[in-house]
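This report concerns only the one structure given below.
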Amino acid sequence: MTDDIDAPGVDVWTVPLDRPPATVATLSRILSEREAERADRCRFEADRRRFIVAHGALRLILAGCLDVPPEELRLQRGRHGKPRLAGSSDLRFSLSHFGELALVAVTRHREVGVDVDRLRPGLPVEPFAERFFPASDARFVAAAAGPTERAERFLRLWTRKEAVVKAAGARLVQGLGLTVLTDAESVADVVRDPSGQIPGAWSVCDLPVPDGCLAALAVAGPVAPSISGPHSVDEL
């Protein structure tokens, strides 16, 4: 990881969430009281186990970066739920999980957001894109060859918007109108909100994830980040 603010370095981890009961039990013991309560509110047992693994893995990753015991980390949430470390740490992070997969992104000095989602080809994505996305995004979705490609294009845009929203600590409704895909042949797209609801510039790029999923990363500033990973967190 680099501390060069002009070229932010980001470490990314992939976390498979379906783990043996013994692993789930071990990770549950390092969660905060609030995290444990959130896990217990999950409607289905599989979701509860996956929540525990995702948030336990996040604690292990952050603890490794800071060289502290994972159960001693104190996390706070901002106005719209964006988590951060309590105190004056310059470490910034983002967690996203969907189904059996989680992604964790960690960097320093600059806000970061990550989002992962699973393809659902049967969804009627065109009407949603026409109603809520910029016209260029809606055309990008509609121009796809068939329903599977339309769903893939929609999800590519969706994860990019979500990543920016998470990095900025904003609300999802504020990110739907962002144009997050350009024709420029660069490592990442630079996103700016013309409405000013999400201030600043954001560098956005796609991340490699298993087939059937799409993921995106956003970092504050117009400079594309140097990405290390994804590292696979297979041994917890």
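Letters A, B, ... go to the chains of the structure tokens in the order shown; residues in each chain start at 1; ligands are counted from 1 in the same order.
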**Request:** Please run DSSP on the backbone and report, as an MDAnalysis selection string, all residues within region 6-235 of chain A that come out as alpha helix (DSSP H).
**Result:** chainID A and resid 21:28 33:40 45:66 125:132 135:142 147:168 172:175
Using C-alpha atoms, can you export the residues from the last selection as a compact mmCIF listing (two decimals), in the first residue's frame?
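The resulting file, again.txt, is reproduced below:
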```
# COMPACT_ATOMS: atom_id res chain seq x y z
CA PRO A 21 -19.78 -23.42 11.89
CA ALA A 22 -16.53 -23.34 13.87
CA THR A 23 -15.24 -20.41 11.78
CA VAL A 24 -18.52 -18.54 12.19
CA ALA A 25 -18.39 -19.07 15.96
CA THR A 26 -14.81 -17.82 16.15
CA LEU A 27 -15.55 -14.69 14.14
CA SER A 28 -18.71 -13.96 16.10
CA GLU A 33 -22.19 -5.70 20.52
CA ARG A 34 -23.91 -3.65 17.84
CA GLU A 35 -22.61 -5.90 15.04
CA ALA A 36 -23.81 -8.98 16.93
CA GLU A 37 -27.25 -7.40 17.33
CA ARG A 38 -27.41 -6.63 13.62
CA ALA A 39 -26.46 -10.22 12.83
CA ASP A 40 -29.23 -11.51 15.10
CA GLU A 45 -29.80 -18.23 9.40
CA ALA A 46 -27.65 -18.31 6.26
CA ASP A 47 -27.76 -14.50 6.10
CA ARG A 48 -26.82 -14.28 9.78
CA ARG A 49 -23.76 -16.52 9.26
CA ARG A 50 -22.68 -14.57 6.19
CA PHE A 51 -23.04 -11.26 8.02
CA ILE A 52 -20.83 -12.55 10.83
CA VAL A 53 -18.15 -13.77 8.40
CA ALA A 54 -18.18 -10.52 6.38
CA HIS A 55 -17.87 -8.23 9.38
CA GLY A 56 -15.48 -10.53 11.20
CA ALA A 57 -13.22 -10.66 8.15
CA LEU A 58 -13.34 -6.85 7.92
CA ARG A 59 -12.16 -6.63 11.52
CA LEU A 60 -9.31 -9.08 10.87
CA ILE A 61 -8.17 -7.13 7.80
CA LEU A 62 -8.27 -3.76 9.57
CA ALA A 63 -6.57 -5.20 12.65
CA GLY A 64 -3.78 -6.51 10.44
CA CYS A 65 -3.30 -3.07 8.89
CA LEU A 66 -3.18 -1.38 12.29
CA VAL A 125 -33.93 -3.20 -15.96
CA GLU A 126 -34.80 -0.93 -18.89
CA PRO A 127 -37.78 0.85 -17.27
CA PHE A 128 -35.75 1.52 -14.11
CA ALA A 129 -32.80 2.87 -16.09
CA GLU A 130 -35.09 5.10 -18.17
CA ARG A 131 -36.74 6.53 -15.07
CA PHE A 132 -33.79 7.05 -12.74
CA ALA A 135 -30.15 9.44 -20.62
CA SER A 136 -26.71 8.19 -21.69
CA ASP A 137 -26.87 5.38 -19.11
CA ALA A 138 -30.37 4.40 -20.20
CA ARG A 139 -29.25 4.26 -23.84
CA PHE A 140 -26.24 2.13 -22.84
CA VAL A 141 -28.55 -0.41 -21.18
CA ALA A 142 -31.14 -0.39 -23.99
CA PRO A 147 -31.83 -9.47 -21.71
CA THR A 148 -28.69 -11.02 -20.24
CA GLU A 149 -26.42 -8.31 -21.64
CA ARG A 150 -28.93 -5.62 -20.62
CA ALA A 151 -28.87 -6.95 -17.05
CA GLU A 152 -25.06 -7.01 -17.12
CA ARG A 153 -24.82 -3.44 -18.39
CA PHE A 154 -27.34 -2.25 -15.83
CA LEU A 155 -25.47 -3.94 -12.99
CA ARG A 156 -22.16 -2.51 -14.18
CA LEU A 157 -23.63 0.97 -13.89
CA TRP A 158 -25.38 0.16 -10.61
CA THR A 159 -22.26 -1.09 -8.83
CA ARG A 160 -20.29 1.95 -9.99
CA LYS A 161 -22.95 4.32 -8.68
CA GLU A 162 -23.12 2.41 -5.39
CA ALA A 163 -19.35 2.54 -5.02
CA VAL A 164 -19.34 6.33 -5.38
CA VAL A 165 -22.24 6.69 -2.95
CA LYS A 166 -20.46 4.53 -0.37
CA ALA A 167 -17.18 6.40 -0.79
CA ALA A 168 -18.91 9.77 -0.41
CA LEU A 172 -28.30 5.98 -2.92
CA VAL A 173 -30.95 8.28 -4.36
CA GLN A 174 -28.25 10.93 -4.75
CA GLY A 175 -26.14 8.59 -6.86
```
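Using only C-alpha atoms, the protein and nucleic acid residues lying no more than 6 Å from region 207-218 of chain A, apart from those fewer than 2 places from it along its own chain, are Val112, Gly113, Val114, Asp115, Val116, Asp117, Arg118, Leu119, Thr159, Arg160, Ala163, Val164, Ser203, Val204 and Cys205 of chain A.
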**Asked** So how many Å separate CA of Val12 (chain A) and CA of Arg84 (chain A), to one decimal?
**Response** 16.6 Å
**Atomic distance CA of Ile198 (chain A) - CA of Gln76 (chain A), expressed in Å with one decimal** = 21.0 Å
**Item:** Between CA of Val10 (chain A) and CA of Leu176 (chain A), distance in Å (one decimal)
**Value:** 24.7 Å
**Among the residues A:Pro230, A:Pro225, A:Gly196, A:Pro16, the one that comes closest to Leu101 (chain A) [using only C-alpha atoms]** =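 Comparing A:Pro230, A:Pro225, A:Gly196, A:Pro16 against Leu101 (chain A), the winner is A:Pro16.
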**Request:** Fewer than 6 positions away in the same chain doesn't count, so skip those; otherwise give me all residues within 8 Å of Glu71 (chain A), counting only C-alpha atoms, as a count of residues only.
**Result:** 5
**Item:** Selected residue, from A:Pro222, A:Gly200, A:Gly229, A:Gly169, that lies nearest to Gly78 (chain A) when counting only C-alpha atoms
**Value:**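 When distances to Gly78 (chain A) are compared using only C-alpha atoms, the smallest one comes from A:Gly169.
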